[in-house]
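K.L.:
Contents of protein_33.csv (CSV, C-alpha atoms) are given next:
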chain,number,residue,atom,x,y,z
A,289,MET,CA,45.1,-7.3,60.7
A,290,ALA,CA,44.1,-5.0,57.8
A,291,LYS,CA,45.7,-1.6,57.7
A,292,THR,CA,43.8,1.6,56.9
A,293,LEU,CA,44.9,4.0,54.2
A,294,ASN,CA,46.1,6.4,57.0
A,295,ASN,CA,48.3,3.7,58.5
A,296,ILE,CA,49.8,2.7,55.2
A,297,SER,CA,50.5,6.3,54.2
A,298,GLY,CA,51.6,7.5,57.6
A,299,MET,CA,49.2,10.4,57.4
A,300,PRO,CA,47.5,11.6,60.5
A,301,LYS,CA,43.7,11.2,61.0
A,302,MET,CA,42.6,14.8,61.0
A,303,LYS,CA,38.8,14.2,61.3
A,304,ALA,CA,39.0,13.7,65.0
A,305,ALA,CA,41.2,16.8,65.5
A,306,PHE,CA,38.8,19.0,63.4
A,307,ALA,CA,35.7,17.8,65.3
A,308,GLY,CA,36.1,20.5,68.0
A,309,TRP,CA,37.3,23.2,65.6
A,310,PHE,CA,34.7,22.9,62.8
A,311,LYS,CA,31.1,24.2,63.1
A,312,SER,CA,28.1,24.2,60.9
A,313,LEU,CA,28.5,27.0,58.3
A,314,THR,CA,26.2,28.2,55.5
A,315,LEU,CA,27.3,30.1,52.4
A,316,GLN,CA,25.9,30.6,48.9
A,317,VAL,CA,27.5,29.3,45.8
A,318,VAL,CA,27.1,31.9,43.0
A,319,THR,CA,26.4,30.7,39.5
A,320,GLN,CA,25.9,33.1,36.5
A,321,THR,CA,23.4,32.6,33.8
A,322,ILE,CA,22.7,34.7,30.7
A,323,ASP,CA,19.1,35.5,29.9
A,324,GLU,CA,18.3,37.6,26.9
A,325,GLY,CA,21.8,39.1,27.0
A,326,PHE,CA,21.7,40.0,30.7
A,327,VAL,CA,23.9,38.2,33.2
A,328,THR,CA,22.1,37.2,36.4
A,329,ASP,CA,23.6,35.7,39.5
A,330,ASP,CA,21.8,32.7,41.1
A,331,MET,CA,22.7,31.6,44.6
A,332,GLU,CA,22.4,28.2,46.1
A,333,SER,CA,22.8,27.8,49.9
A,334,VAL,CA,25.3,25.1,51.0
A,335,THR,CA,25.7,24.0,54.6
A,336,PHE,CA,28.9,22.2,55.6
A,337,LYS,CA,31.1,21.6,58.6
A,338,GLY,CA,34.2,23.7,58.5
A,339,THR,CA,35.9,26.9,59.5
A,340,ILE,CA,36.4,30.3,57.7
A,341,GLN,CA,39.2,32.6,58.8
A,342,PRO,CA,41.5,35.3,57.4
A,343,LEU,CA,44.5,34.0,55.4
A,344,SER,CA,47.7,34.0,57.5
A,345,LYS,CA,50.4,36.6,56.9
A,346,GLU,CA,52.8,34.0,55.7
A,347,GLU,CA,50.3,32.9,53.0
A,348,LEU,CA,49.6,36.5,52.0
A,349,ARG,CA,53.4,37.0,51.4
A,350,LEU,CA,53.1,34.4,48.6
A,351,LYS,CA,50.3,36.2,46.8
A,352,PRO,CA,51.0,38.6,43.9
A,353,GLU,CA,51.9,42.1,45.1
A,354,GLY,CA,48.8,43.8,43.7
A,355,GLN,CA,46.4,41.3,45.3
A,356,ARG,CA,47.8,41.4,48.8
A,357,SER,CA,45.6,44.3,49.9
A,358,TRP,CA,42.4,42.5,48.9
A,359,GLU,CA,40.6,40.6,51.5
A,360,TRP,CA,41.7,37.0,51.6
A,361,LEU,CA,39.9,34.1,53.4
A,362,GLN,CA,40.7,30.5,53.9
A,363,ILE,CA,38.2,27.7,54.4
A,364,HIS,CA,39.0,24.3,55.9
A,365,CYS,CA,36.3,21.7,55.6
A,366,LEU,CA,35.9,17.9,55.5
A,367,SER,CA,36.5,16.3,52.1
A,368,GLY,CA,33.4,16.1,49.9
A,369,SER,CA,31.4,18.5,52.0
A,370,LEU,CA,31.8,21.7,49.9
A,371,ASN,CA,33.2,20.7,46.5
A,372,LEU,CA,34.3,24.1,45.2
A,373,THR,CA,36.7,24.4,42.3
A,374,THR,CA,39.1,27.2,41.3
A,375,ASN,CA,37.2,30.3,39.9
A,376,ASP,CA,34.0,29.4,41.7
A,377,ARG,CA,32.3,32.3,43.4
A,378,ILE,CA,30.7,32.3,46.8
A,379,CYS,CA,28.7,34.8,49.0
A,380,TYR,CA,29.7,34.9,52.6
A,381,ASN,CA,28.7,37.7,55.0
A,382,GLU,CA,27.1,39.5,52.1
A,383,LYS,CA,30.4,39.7,50.2
A,384,ILE,CA,31.3,37.8,47.0
A,385,TYR,CA,34.6,35.9,47.1
A,386,LYS,CA,36.4,34.0,44.3
A,387,VAL,CA,38.1,30.7,44.9
A,388,MET,CA,41.8,31.2,43.9
A,389,ALA,CA,43.4,28.1,45.3
A,390,LEU,CA,42.4,24.6,46.4
A,391,LYS,CA,44.6,22.4,48.5
A,392,ASP,CA,43.4,18.8,48.5
A,393,TYR,CA,44.4,17.0,51.7
A,394,SER,CA,41.7,14.3,51.1
A,395,LEU,CA,44.2,11.7,52.2
A,396,ASN,CA,43.8,13.4,55.6
A,397,ASN,CA,40.0,13.9,55.1
A,398,TYR,CA,40.0,17.7,54.6
A,399,ILE,CA,40.2,20.4,51.9
A,400,GLU,CA,41.6,23.9,52.2
A,401,TYR,CA,40.4,26.7,49.9
A,402,HIS,CA,41.9,30.2,49.5
A,403,LEU,CA,39.4,32.9,48.5
A,404,VAL,CA,39.8,36.6,47.5
A,405,ALA,CA,37.2,39.3,47.7
A,406,ASP,CA,35.7,39.5,44.1
A,407,TYR,CA,35.9,42.7,42.2
A,408,GLU,CA,32.8,44.8,42.5
A,409,GLU,CA,31.9,47.8,40.3
A,410,GLU,CA,30.8,50.9,42.2
Could I get this structure in the form of structure tokens?
P.N.:
Amino acid sequence: MAKTLNNISGMPKMKAAFAGWFKSLTLQVVTQTIDEGFVTDDMESVTFKGTIQPLSKEELRLKPEGQRSWEWLQIHCLSGSLNLTTNDRICYNEKIYKVMALKDYSLNNYIEYHLVADYEEE
């Protein structure tokens, strides 16, 4: 009998566990372009299955002191459904966030992102 990658690696199959936890979410990925010396933000909507929640207190303790008071979020989603990279910017609930960390658990079929509220000029 052939063994799946999960059986060989001993890693749990998380897709079934996440099925009840994840819901359909939409956010906008922000890209910047320069047109005649002016920077403009373009937004592209992306819909994926996942969850967005505040970063835990334990995770916040690991962040640099000056950044702890900024709003931090974490996103869990299925591998390949969102495809963000470090320094990407997204718009969620009318706020811009920057991807600061990516934890690739693709062996378990999911990805975790850590995002911080992006600096905004007043």
K.L.:
Identify which of the residues A:Gln320, A:Leu313, A:Ala307, A:Val327 lies closest to Ile340 of chain A, counting all atoms listed in the file when measuring atom-to-atom distances.
P.N.:
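Checking each candidate against Ile340 of chain A, we get A:Leu313 as the closest.
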K.L.:
When you draw a straight line from atom CA of Val387 of chain A to atom CA of His402 of chain A, how long is it in Å?
P.N.:
6.0 Å
K.L.:
Measuring atom to atom with only C-alpha atoms, identify which of A:His364, A:Lys311, A:Lys383, A:Lys337 is nearest to Tyr398 of chain A.
P.N.:
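So, comparing all the options, the nearest one is A:His364.
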K.L.:
Give the answer as one residue: which of A:Gln316, A:Thr328, A:Ser333, A:Asn397 has the shortest atom-to-atom distance to Ser367 of chain A, using all atoms listed in the file?
P.N.:
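Selected residue with least distance to Ser367 of chain A: A:Asn397.
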K.L.:
In file coordinates, which residues lie within 10 Å of (26.9, 36.9, 51.1) using all atoms listed in the file, given as a list in words?
P.N.:
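Those within range, by chain then number, are Thr314, Leu315, Gln316, Val317, Val318, Met331, Ile378, Cys379, Tyr380, Asn381, Glu382, Lys383, Ile384 and Tyr385 of chain A.
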